[in-house]
$ cat query26.txt   # compact mmCIF, C-alpha atoms
# COMPACT_ATOMS: atom_id res chain seq x y z
CA MET A 92 1.16 41.33 59.01
CA ALA A 93 2.72 38.04 59.41
CA ARG A 94 3.81 36.51 56.18
CA LYS A 95 2.55 33.01 55.84
CA GLU A 96 4.44 30.83 53.47
CA THR A 97 2.27 29.25 50.85
CA PRO A 98 2.21 25.57 51.52
CA GLN A 99 3.94 23.43 48.95
CA ILE A 100 1.67 21.42 46.75
CA ASN A 101 2.36 17.80 47.12
CA ALA A 102 3.52 16.60 43.73
CA SER A 103 4.06 12.99 44.53
CA SER A 104 0.86 11.95 42.79
CA GLN A 105 1.87 13.66 39.60
CA ALA A 106 3.71 10.59 38.47
CA ASP A 107 0.64 8.46 39.05
CA ILE A 108 -1.55 10.75 37.04
CA ALA A 109 0.95 10.86 34.23
CA PHE A 110 1.22 7.09 34.28
CA LEU A 111 -2.50 6.76 34.03
CA LEU A 112 -2.63 9.00 30.99
CA LEU A 113 0.35 7.26 29.49
CA VAL A 114 -1.31 3.88 29.78
CA PHE A 115 -4.47 5.24 28.20
CA PHE A 116 -2.62 6.58 25.18
CA LEU A 117 -0.48 3.48 24.93
CA ILE A 118 -3.55 1.36 24.60
CA THR A 119 -5.45 3.58 22.21
CA THR A 120 -2.54 4.25 19.88
CA THR A 121 -2.54 2.51 16.56
CA MET A 122 0.61 3.16 14.69
CA ASP A 123 -0.18 1.12 11.66
CA VAL A 124 0.89 2.64 8.42
CA ASP A 125 -1.15 1.47 5.51
CA LYS A 126 0.83 -0.38 2.96
CA GLY A 127 -0.10 -1.74 -0.35
CA ILE A 128 0.46 -1.90 -4.05
CA SER A 129 0.44 1.46 -5.69
CA ARG A 130 -0.96 1.86 -9.15
CA ARG A 131 -1.70 4.61 -11.56
CA LEU A 132 -4.84 4.12 -13.57
CA PRO A 133 -4.84 5.14 -17.20
CA PRO A 134 -6.99 8.16 -17.91
CA MET A 135 -10.38 7.58 -19.44
CA GLN A 136 -10.31 7.87 -23.20
CA GLU A 137 -13.08 8.30 -25.65
CA ASP A 138 -11.80 5.89 -28.24
CA GLN A 139 -9.93 3.12 -26.58
CA LYS A 140 -9.27 1.24 -29.77
CA GLN A 141 -6.43 3.49 -30.77
CA GLU A 142 -4.06 2.46 -28.06
CA ASP A 143 -4.52 -1.20 -28.74
CA ILE A 144 -3.24 -0.87 -32.25
CA LYS A 145 -0.18 1.10 -31.34
CA ILE A 146 1.35 -1.58 -29.21
CA ASN A 147 2.96 -4.27 -31.25
CA ARG A 148 1.95 -7.80 -30.55
CA ARG A 149 5.34 -9.00 -29.48
CA ASN A 150 5.53 -6.20 -26.98
CA THR A 151 2.63 -7.33 -24.87
CA ILE A 152 2.21 -10.19 -22.55
CA ILE A 153 -1.29 -10.90 -21.44
CA VAL A 154 -1.87 -12.16 -17.95
CA ARG A 155 -5.40 -13.43 -17.59
CA ILE A 156 -7.13 -14.55 -14.47
CA SER A 157 -10.30 -16.50 -15.03
CA ALA A 158 -13.41 -16.57 -12.91
CA SER A 159 -12.17 -19.73 -11.27
CA ASP A 160 -8.87 -18.03 -10.40
CA ARG A 161 -6.83 -19.84 -13.00
CA ILE A 162 -3.98 -17.93 -14.49
CA MET A 163 -2.95 -17.78 -18.10
CA VAL A 164 0.21 -16.01 -19.11
CA GLY A 165 0.42 -15.64 -22.84
CA SER A 166 -0.94 -18.95 -24.00
CA GLU A 167 0.21 -21.10 -21.11
CA GLN A 168 -1.60 -21.84 -17.97
CA MET A 169 0.58 -21.48 -14.95
CA ASP A 170 0.79 -21.24 -11.21
CA VAL A 171 1.26 -17.97 -9.34
CA SER A 172 4.80 -18.94 -8.43
CA GLN A 173 5.80 -19.21 -12.08
CA ILE A 174 4.64 -15.77 -13.10
CA LYS A 175 7.64 -13.91 -11.75
CA ASP A 176 10.24 -15.70 -13.83
CA LYS A 177 8.12 -15.42 -16.91
CA ILE A 178 7.75 -11.67 -16.46
CA VAL A 179 11.45 -11.24 -15.72
CA GLU A 180 12.25 -13.05 -18.94
CA PHE A 181 9.71 -10.98 -20.79
CA VAL A 182 11.00 -7.66 -19.52
CA THR A 183 14.68 -8.38 -19.96
CA ASN A 184 14.54 -10.49 -23.11
CA PRO A 185 18.12 -11.65 -22.64
CA THR A 186 18.40 -13.56 -25.90
CA ASP A 187 16.79 -10.91 -28.11
CA ASN A 188 14.13 -13.36 -29.07
CA PRO A 189 12.03 -11.93 -31.92
CA ASN A 190 8.87 -13.01 -30.12
CA MET A 191 9.80 -11.02 -27.07
CA PRO A 192 9.56 -7.26 -26.70
CA GLU A 193 11.77 -4.99 -28.73
CA LYS A 194 14.20 -2.65 -27.13
CA GLU A 195 14.62 0.96 -27.91
CA ILE A 196 17.84 2.82 -27.34
CA LYS A 197 16.99 5.71 -25.12
CA ASN A 198 19.18 8.42 -23.78
CA ILE A 199 18.66 8.55 -20.06
CA LYS A 200 19.70 11.75 -18.41
CA GLY A 201 22.66 11.26 -16.15
CA PHE A 202 23.31 7.74 -17.34
CA GLY A 203 23.66 7.52 -21.09
CA ASN A 204 22.16 5.24 -23.66
CA TYR A 205 20.33 2.15 -22.61
CA ALA A 206 18.18 -0.30 -24.47
CA VAL A 207 14.81 0.11 -22.81
CA SER A 208 12.34 -2.67 -23.23
CA LYS A 209 9.06 -1.70 -24.81
CA GLY A 210 7.22 -4.55 -23.18
CA VAL A 211 3.80 -3.97 -21.70
CA ILE A 212 2.20 -6.32 -19.26
CA SER A 213 -1.49 -6.46 -19.74
CA LEU A 214 -3.50 -7.70 -16.84
CA GLN A 215 -6.98 -8.97 -17.49
CA ASN A 216 -9.44 -10.40 -15.11
CA ASP A 217 -12.94 -11.68 -14.98
CA LYS A 218 -15.80 -10.32 -12.93
CA GLY A 219 -15.70 -13.46 -10.86
CA THR A 220 -12.00 -13.39 -10.07
CA THR A 221 -11.37 -13.03 -6.38
CA TYR A 222 -9.61 -9.93 -5.20
CA LYS A 223 -7.11 -12.08 -3.33
CA LYS A 224 -5.90 -13.77 -6.50
CA TYR A 225 -5.79 -10.49 -8.31
CA ILE A 226 -3.55 -8.92 -5.66
CA GLU A 227 -1.39 -12.02 -5.63
CA VAL A 228 -0.80 -11.71 -9.35
CA GLN A 229 -0.24 -7.96 -9.11
CA ASN A 230 2.26 -8.64 -6.38
CA GLU A 231 4.13 -11.17 -8.49
CA ILE A 232 4.38 -8.72 -11.36
CA VAL A 233 5.71 -6.01 -9.08
CA ARG A 234 8.13 -8.52 -7.63
CA ALA A 235 9.40 -9.36 -11.09
CA ILE A 236 9.93 -5.71 -11.97
CA ASN A 237 11.65 -5.08 -8.66
CA GLU A 238 13.96 -7.98 -9.28
CA VAL A 239 14.97 -6.64 -12.66
CA ARG A 240 15.49 -3.22 -11.17
CA ASP A 241 17.59 -4.67 -8.39
CA ASP A 242 19.76 -6.48 -10.92
CA PHE A 243 20.21 -3.35 -12.92
CA SER A 244 21.05 -1.32 -9.82
CA LYS A 245 23.58 -3.86 -8.63
CA GLN A 246 25.20 -4.02 -12.01
CA HIS A 247 25.54 -0.29 -12.52
CA PHE A 248 25.54 1.22 -9.07
CA SER A 249 26.50 -1.83 -7.03
CA LYS A 250 23.66 -1.30 -4.61
CA LYS A 251 20.14 -2.55 -4.30
CA PHE A 252 17.42 -0.41 -5.82
CA ALA A 253 15.92 0.51 -2.48
CA GLN A 254 19.26 1.78 -1.21
CA LEU A 255 19.93 4.11 -4.10
CA ASP A 256 19.40 7.81 -3.76
CA GLU A 257 16.55 9.49 -5.53
CA ASP A 258 18.40 10.51 -8.69
CA HIS A 259 19.68 7.03 -9.29
CA GLN A 260 16.30 5.54 -8.58
CA LYS A 261 14.89 7.79 -11.22
CA ILE A 262 17.43 6.52 -13.72
CA VAL A 263 16.62 2.93 -12.90
CA LYS A 264 12.92 3.60 -13.15
CA GLU A 265 13.44 5.08 -16.56
CA ALA A 266 15.61 2.21 -17.73
CA ILE A 267 13.18 -0.39 -16.50
CA PRO A 268 9.72 1.08 -16.69
CA GLN A 269 6.78 -0.56 -15.02
CA ASN A 270 4.37 -0.78 -17.87
CA ILE A 271 1.32 -2.49 -16.58
CA SER A 272 -1.89 -1.94 -18.40
CA GLU A 273 -4.94 -2.72 -16.40
CA ALA A 274 -7.11 -3.42 -19.31
CA GLU A 275 -10.65 -2.40 -19.84
CA PRO A 276 -12.99 -4.78 -18.10
CA LYS A 277 -13.32 -7.81 -20.24
CA ASP A 278 -14.93 -11.04 -19.36
CA VAL A 279 -12.43 -13.80 -19.52
CA LYS A 280 -14.25 -17.03 -19.92
CA GLY A 281 -13.77 -19.38 -17.03
CA LYS A 282 -12.35 -22.64 -18.20
CA MET B 139 39.57 -7.56 61.95
CA GLY B 140 37.88 -4.31 62.29
CA ARG B 141 39.18 -3.15 59.01
CA PHE B 142 36.43 -4.67 57.00
CA ARG B 143 33.06 -3.36 57.54
CA LYS B 144 30.34 -5.85 57.63
CA ARG B 145 28.46 -6.00 54.44
CA GLY B 146 24.75 -5.51 54.31
CA LYS B 147 24.63 -3.41 57.33
CA LYS B 148 24.54 -0.21 55.41
CA ALA B 149 21.30 0.29 53.46
CA ALA B 150 21.72 0.95 49.77
CA PRO B 151 21.03 4.57 48.99
CA ALA B 152 17.53 5.09 47.68
CA ILE B 153 17.28 5.73 43.96
CA SER B 154 15.91 9.12 43.39
CA THR B 155 12.60 8.98 41.63
CA ALA B 156 12.33 12.69 41.20
CA SER B 157 12.93 12.45 37.45
CA LEU B 158 10.37 9.72 36.98
CA PRO B 159 7.47 12.08 36.26
CA ASP B 160 9.60 13.82 33.66
CA ILE B 161 10.34 10.59 31.86
CA VAL B 162 6.75 9.50 32.01
CA PHE B 163 5.60 12.86 30.71
CA MET B 164 7.99 12.64 27.84
CA LEU B 165 6.57 9.26 26.85
CA LEU B 166 3.10 10.57 27.37
CA PHE B 167 3.62 13.43 24.95
CA PHE B 168 5.09 11.10 22.40
CA PHE B 169 2.06 8.86 22.47
CA MET B 170 -0.35 11.75 22.59
CA ILE B 171 1.12 13.18 19.45
CA SER B 172 1.38 9.93 17.55
CA THR B 173 -2.14 8.82 18.39
CA SER B 174 -4.77 9.11 15.77
CA PHE B 175 -8.21 8.18 16.80
CA ARG B 176 -10.32 6.04 14.61
CA GLN B 177 -12.71 8.28 12.81
CA GLN B 178 -14.94 5.87 11.07
CA ASP B 179 -17.17 3.11 12.16
CA LYS B 180 -16.63 -0.07 10.32
CA LEU B 181 -19.63 -1.19 8.37
CA VAL B 182 -17.94 -3.82 6.25
CA GLN B 183 -15.68 -6.66 7.18
CA VAL B 184 -12.31 -6.33 5.55
CA LYS B 185 -9.64 -8.94 5.66
CA LEU B 186 -6.89 -7.51 3.56
CA PRO B 187 -5.13 -9.67 1.00
CA GLU B 188 -1.48 -10.46 1.46
CA ALA B 189 1.39 -9.12 -0.56
CA THR B 190 5.14 -8.92 -0.23
CA GLU B 191 6.06 -5.96 -2.40
CA ASN B 192 4.24 -3.37 -0.40
CA ALA B 193 4.96 0.29 -0.68
CA LYS B 194 4.18 2.68 2.11
CA LEU B 195 1.36 5.08 1.79
CA GLU B 196 3.20 8.36 1.59
CA ARG B 197 0.79 10.95 2.87
CA LYS B 198 -2.06 9.79 4.98
CA ASP B 199 -3.74 13.18 4.91
CA LEU B 200 -4.04 13.04 1.13
CA THR B 201 -5.67 9.66 1.15
CA SER B 202 -9.31 8.78 0.78
CA TYR B 203 -10.42 5.34 1.69
CA ILE B 204 -12.88 3.11 -0.04
CA PHE B 205 -13.84 0.01 1.87
CA VAL B 206 -15.23 -2.99 0.08
CA GLY B 207 -16.49 -6.13 1.72
CA ALA B 208 -19.42 -7.97 3.18
CA PRO B 209 -21.44 -6.01 5.76
CA VAL B 210 -20.59 -6.61 9.40
CA PRO B 211 -22.70 -9.33 11.07
CA ALA B 212 -24.87 -6.79 12.88
CA LYS B 213 -25.95 -5.28 9.57
CA GLN B 214 -26.31 -8.46 7.61
CA ALA B 215 -29.96 -8.93 8.45
CA GLN B 216 -30.69 -5.63 6.80
CA PHE B 217 -28.16 -5.50 4.00
CA GLY B 218 -27.39 -9.12 3.22
CA THR B 219 -23.97 -10.62 2.75
CA ASP B 220 -23.13 -9.33 -0.70
CA ALA B 221 -20.04 -7.17 -0.95
CA ARG B 222 -20.76 -3.51 -0.44
CA ILE B 223 -18.90 -0.27 -0.68
CA GLN B 224 -18.43 1.90 2.37
CA LEU B 225 -17.62 5.55 1.94
CA ASN B 226 -17.30 7.59 5.09
CA ASP B 227 -20.01 6.30 7.36
CA SER B 228 -22.51 4.64 5.14
CA TYR B 229 -23.07 2.08 2.44
CA ARG B 230 -22.89 3.56 -0.98
CA THR B 231 -23.24 2.47 -4.55
CA VAL B 232 -20.62 2.75 -7.25
CA ASN B 233 -22.33 5.79 -8.72
CA GLU B 234 -21.91 7.73 -5.51
CA ILE B 235 -18.14 7.44 -5.64
CA ARG B 236 -18.07 10.42 -7.93
CA ASP B 237 -19.59 12.73 -5.31
CA PHE B 238 -17.36 11.27 -2.66
CA ILE B 239 -14.22 11.92 -4.69
CA ALA B 240 -15.38 15.42 -5.53
CA ALA B 241 -15.97 16.14 -1.85
CA GLU B 242 -12.63 14.69 -0.82
CA ARG B 243 -10.87 16.68 -3.48
CA GLU B 244 -12.60 19.82 -2.36
CA SER B 245 -11.35 19.34 1.18
CA LEU B 246 -7.72 19.33 0.09
CA SER B 247 -5.74 22.41 -0.60
CA GLU B 248 -5.22 23.25 -4.22
CA VAL B 249 -1.54 22.34 -4.17
CA ASP B 250 -2.18 18.87 -2.87
CA ARG B 251 -5.02 17.91 -5.15
CA PRO B 252 -2.95 16.25 -7.87
CA GLN B 253 -1.30 14.04 -5.29
CA MET B 254 -4.53 12.65 -3.96
CA VAL B 255 -4.46 8.91 -3.47
CA VAL B 256 -7.46 6.65 -3.25
CA ALA B 257 -6.75 3.63 -1.10
CA ILE B 258 -8.94 0.65 -1.77
CA LYS B 259 -9.36 -1.56 1.23
CA GLY B 260 -10.94 -4.61 -0.17
CA ASP B 261 -11.71 -7.87 1.50
CA GLU B 262 -9.76 -10.72 -0.03
CA ASN B 263 -12.93 -12.60 -0.88
CA VAL B 264 -14.72 -9.94 -2.87
CA ARG B 265 -15.04 -10.51 -6.56
CA MET B 266 -13.22 -8.37 -9.06
CA GLY B 267 -16.48 -7.25 -10.63
CA ILE B 268 -17.09 -4.66 -7.93
CA ILE B 269 -13.43 -3.62 -7.84
CA THR B 270 -13.38 -3.12 -11.58
CA ASP B 271 -16.52 -1.00 -11.33
CA ILE B 272 -14.83 1.14 -8.71
CA LYS B 273 -11.72 1.48 -10.83
CA GLN B 274 -13.72 2.52 -13.86
CA GLU B 275 -15.59 5.07 -11.80
CA LEU B 276 -12.33 6.44 -10.42
CA ARG B 277 -10.96 6.79 -13.91
CA ARG B 278 -14.07 8.66 -14.87
CA CYS B 279 -13.50 11.19 -12.09
CA SER B 280 -9.79 11.17 -12.91
CA ALA B 281 -8.67 10.07 -9.48
CA LEU B 282 -5.93 7.99 -11.02
CA GLN B 283 -3.51 7.39 -8.22
CA ILE B 284 -4.75 4.38 -6.34
CA MET B 285 -3.41 1.89 -3.89
CA TYR B 286 -4.57 -1.59 -3.13
CA VAL B 287 -4.02 -1.80 0.58
CA ALA B 288 -2.56 -5.13 1.60
CA ARG B 289 -1.07 -6.88 4.57
CA THR B 290 2.59 -7.62 4.52
CA LYS B 291 3.28 -11.28 4.18
CA ALA B 292 6.31 -12.77 5.84
CA ILE B 293 8.80 -13.40 3.10
CA ASN B 294 10.07 -16.90 2.75
CA GLU B 295 12.53 -16.87 -0.08
CA ASP B 296 13.10 -20.22 -1.63
$ encode --input "query26.txt" --output "structure tokens"
Amino acid sequence: MARKETPQINASSQADIAFLLLVFFLITTTMDVDKGISRRLPPMQEDQKQEDIKINRRNTIIVRISASDRIMVGSEQMDVSQIKDKIVEFVTNPTDNPNMPEKEIKNIKGFGNYAVSKGVISLQNDKGTTYKKYIEVQNEIVRAINEVRDDFSKQHFSKKFAQLDEDHQKIVKEAIPQNISEAEPKDVKGK
Amino acid sequence: MGRFRKRGKKAAPAISTASLPDIVFMLLFFFMISTSFRQQDKLVQVKLPEATENAKLERKDLTSYIFVGAPVPAKQAQFGTDARIQLNDSYRTVNEIRDFIAAERESLSEVDRPQMVVAIKGDENVRMGIITDIKQELRRCSALQIMYVARTKAINED
């Protein structure tokens, strides 16, 4: 029997087919990673009164957003752009002002003693507040905390917070906690 | 001067394209693997609010999404323009979040359950009333780790 060689399959169109598929997947791919502001909600409690009493008055700053999107921090009305500095001042309390939050010496593992601020930022909003404003304010508060953390990191580890390794980040997080209380729904009167 | 050959006479050697399919295939596999197809139909219009201090969502597989916004134009005749909550593929009320969370939690493995994140994709024009209701409901079902999904705003430091 004569051996016939199997004819070679022409592979020149393989590239075309692959290209076609490639283009299809290129177009359909969405590589968006969702980003946003991460929060941890407080667990539901039966009697919510208790917690309110525990926190001293000087240790809280109340950020209110009214139904008409006006912002009150403490007793002053202010613009979104002013919130950050106010919060930074509140959290750091550089002059040990008696009206600003107290500090508690805490022993942080791997770092030593540090005066940790006991300040709590309480965020209140009205039913009519727009989500946009709310996120803007949330963002400013996070920005303030990040700034303080960056300062601390630069001072002690001479690096920005984001560039620290995990252990150091943990230390910084402990030294400058992000205490934001998203209060129970309360209707802030629109002024 | 026969020493110099005339330029241009000799054709440039053809570039071998034999490795082209390999390269293309490599790219193809990359895109095939990284593609995730959209699983849900959009029933509400969501224009995310802007923020600068965004954190990345760590594990997409542990995330449940809650969409809040006005119904898409095609559905407005039926459902109006008031902000609504979309869970999976339908409009839901706040009270149904509980079942949704329970179902989502059930679908995760036991190890991952504490790390579950609920991502709220809210339109920037919705009122906080509905968001607060959602938050309260989430607290009630102890799904405490949440994320307000936002767009990243270009930073202009002053």
$ atom_distance --input "query26.txt" --atom1 "CA of Ala150 in chain B" --atom2 "CA of Phe163 in chain B"
27.7 Å
$ residues_near_point --input "query26.txt" --point "(0.9, 0.8, -9.7)" --cutoff "8 Å" --atoms "only C-alpha atoms" --output "list in words"
Ile128, Ser129, Arg130, Arg131, Leu132 and Ile271 of chain A; Ile284 and Met285 of chain B
$ atom_distance --input "query26.txt" --atom1 "CA of Gln283 in chain B" --atom2 "CA of Asp217 in chain A"
22.3 Å
$ interface_residues --input "query26.txt" --of "chain B" --to "chain A" --cutoff "7 Å" --atoms "all atoms listed in the file" --output "MDAnalysis selection string"
chainID B and resid 158:159 162:163 166 169:170 173:174 187 189:195 262:267 270 277:278 280 282:289
$ closest_residue --input "query26.txt" --among "A:Val171, A:Asn147, A:Val179, A:Asn184" --to "Asp241 in chain A" --atoms "all atoms listed in the file"
A:Val179
$ closest_residue --input "query26.txt" --among "A:Met191, A:Ile100, A:Ile156, A:Met163" --to "Val211 in chain A" --atoms "only C-alpha atoms"
A:Met191
$ atom_distance --input "query26.txt" --atom1 "CA of Glu180 in chain A" --atom2 "CA of Lys197 in chain A"
20.3 Å
$ residues_near_point --input "query26.txt" --point "(-9.3, 8.3, 1.1)" --cutoff "6 Å" --atoms "only C-alpha atoms" --output "ChimeraX atom specification"
/B:201-203,256-257
$ closest_residue --input "query26.txt" --among "B:Val249, B:Ala149, B:Val182, B:Ala241" --to "Phe217 in chain B" --atoms "only C-alpha atoms"
B:Val182
$ build_atoms --input "query26.txt" --residues "range 180-204 of chain A" --atoms "N, CA and C atoms" --output "PDB file, keeping the file's coordinate frame"
ATOM      1  N   GLU A 180      11.753 -12.691 -17.620  1.00  0.00           N
ATOM      2  CA  GLU A 180      12.250 -13.050 -18.940  1.00  0.00           C
ATOM      3  C   GLU A 180      11.665 -12.111 -19.991  1.00  0.00           C
ATOM      4  N   PHE A 181      10.391 -11.838 -19.832  1.00  0.00           N
ATOM      5  CA  PHE A 181       9.710 -10.980 -20.790  1.00  0.00           C
ATOM      6  C   PHE A 181      10.292  -9.569 -20.777  1.00  0.00           C
ATOM      7  N   VAL A 182      10.535  -9.055 -19.621  1.00  0.00           N
ATOM      8  CA  VAL A 182      11.000  -7.660 -19.520  1.00  0.00           C
ATOM      9  C   VAL A 182      12.452  -7.533 -19.972  1.00  0.00           C
ATOM     10  N   THR A 183      13.267  -8.513 -19.609  1.00  0.00           N
ATOM     11  CA  THR A 183      14.680  -8.380 -19.960  1.00  0.00           C
ATOM     12  C   THR A 183      14.990  -8.866 -21.373  1.00  0.00           C
ATOM     13  N   ASN A 184      14.292  -9.884 -21.802  1.00  0.00           N
ATOM     14  CA  ASN A 184      14.540 -10.490 -23.110  1.00  0.00           C
ATOM     15  C   ASN A 184      16.034 -10.681 -23.355  1.00  0.00           C
ATOM     16  N   PRO A 185      16.652 -11.546 -22.600  1.00  0.00           N
ATOM     17  CA  PRO A 185      18.120 -11.650 -22.640  1.00  0.00           C
ATOM     18  C   PRO A 185      18.666 -12.176 -23.964  1.00  0.00           C
ATOM     19  N   THR A 186      17.868 -12.971 -24.678  1.00  0.00           N
ATOM     20  CA  THR A 186      18.400 -13.560 -25.900  1.00  0.00           C
ATOM     21  C   THR A 186      17.949 -12.825 -27.160  1.00  0.00           C
ATOM     22  N   ASP A 187      17.331 -11.671 -26.980  1.00  0.00           N
ATOM     23  CA  ASP A 187      16.790 -10.910 -28.110  1.00  0.00           C
ATOM     24  C   ASP A 187      15.920 -11.763 -29.023  1.00  0.00           C
ATOM     25  N   ASN A 188      15.093 -12.524 -28.374  1.00  0.00           N
ATOM     26  CA  ASN A 188      14.130 -13.360 -29.070  1.00  0.00           C
ATOM     27  C   ASN A 188      13.160 -12.473 -29.862  1.00  0.00           C
ATOM     28  N   PRO A 189      12.938 -12.788 -31.139  1.00  0.00           N
ATOM     29  CA  PRO A 189      12.030 -11.930 -31.920  1.00  0.00           C
ATOM     30  C   PRO A 189      10.581 -11.990 -31.462  1.00  0.00           C
ATOM     31  N   ASN A 190      10.234 -12.971 -30.643  1.00  0.00           N
ATOM     32  CA  ASN A 190       8.870 -13.010 -30.120  1.00  0.00           C
ATOM     33  C   ASN A 190       8.716 -12.257 -28.819  1.00  0.00           C
ATOM     34  N   MET A 191       9.821 -11.771 -28.327  1.00  0.00           N
ATOM     35  CA  MET A 191       9.800 -11.020 -27.070  1.00  0.00           C
ATOM     36  C   MET A 191       9.915  -9.534 -27.380  1.00  0.00           C
ATOM     37  N   PRO A 192       9.626  -8.695 -26.409  1.00  0.00           N
ATOM     38  CA  PRO A 192       9.560  -7.260 -26.700  1.00  0.00           C
ATOM     39  C   PRO A 192      10.843  -6.664 -27.288  1.00  0.00           C
ATOM     40  N   GLU A 193      10.628  -5.694 -28.147  1.00  0.00           N
ATOM     41  CA  GLU A 193      11.770  -4.990 -28.730  1.00  0.00           C
ATOM     42  C   GLU A 193      12.350  -4.060 -27.690  1.00  0.00           C
ATOM     43  N   LYS A 194      13.552  -3.622 -28.011  1.00  0.00           N
ATOM     44  CA  LYS A 194      14.200  -2.650 -27.130  1.00  0.00           C
ATOM     45  C   LYS A 194      14.479  -1.399 -27.931  1.00  0.00           C
ATOM     46  N   GLU A 195      14.416  -0.313 -27.235  1.00  0.00           N
ATOM     47  CA  GLU A 195      14.620   0.960 -27.910  1.00  0.00           C
ATOM     48  C   GLU A 195      15.751   1.674 -27.192  1.00  0.00           C
ATOM     49  N   ILE A 196      16.726   2.110 -27.961  1.00  0.00           N
ATOM     50  CA  ILE A 196      17.840   2.820 -27.340  1.00  0.00           C
ATOM     51  C   ILE A 196      17.340   4.196 -26.912  1.00  0.00           C
ATOM     52  N   LYS A 197      17.467   4.433 -25.639  1.00  0.00           N
ATOM     53  CA  LYS A 197      16.990   5.710 -25.120  1.00  0.00           C
ATOM     54  C   LYS A 197      18.140   6.395 -24.405  1.00  0.00           C
ATOM     55  N   ASN A 198      18.163   7.686 -24.514  1.00  0.00           N
ATOM     56  CA  ASN A 198      19.180   8.420 -23.780  1.00  0.00           C
ATOM     57  C   ASN A 198      18.608   8.824 -22.429  1.00  0.00           C
ATOM     58  N   ILE A 199      19.150   8.238 -21.399  1.00  0.00           N
ATOM     59  CA  ILE A 199      18.660   8.550 -20.060  1.00  0.00           C
ATOM     60  C   ILE A 199      19.569   9.587 -19.437  1.00  0.00           C
ATOM     61  N   LYS A 200      18.958  10.617 -18.984  1.00  0.00           N
ATOM     62  CA  LYS A 200      19.700  11.750 -18.410  1.00  0.00           C
ATOM     63  C   LYS A 200      20.532  11.308 -17.213  1.00  0.00           C
ATOM     64  N   GLY A 201      21.799  11.611 -17.275  1.00  0.00           N
ATOM     65  CA  GLY A 201      22.660  11.260 -16.150  1.00  0.00           C
ATOM     66  C   GLY A 201      23.173   9.847 -16.208  1.00  0.00           C
ATOM     67  N   PHE A 202      22.836   9.115 -17.251  1.00  0.00           N
ATOM     68  CA  PHE A 202      23.310   7.740 -17.340  1.00  0.00           C
ATOM     69  C   PHE A 202      23.892   7.425 -18.716  1.00  0.00           C
ATOM     70  N   GLY A 203      23.178   7.816 -19.740  1.00  0.00           N
ATOM     71  CA  GLY A 203      23.660   7.520 -21.090  1.00  0.00           C
ATOM     72  C   GLY A 203      22.642   6.667 -21.823  1.00  0.00           C
ATOM     73  N   ASN A 204      23.077   6.031 -22.864  1.00  0.00           N
ATOM     74  CA  ASN A 204      22.160   5.240 -23.660  1.00  0.00           C
ATOM     75  C   ASN A 204      21.913   3.887 -23.029  1.00  0.00           C
TER      76      ASN A 204
END
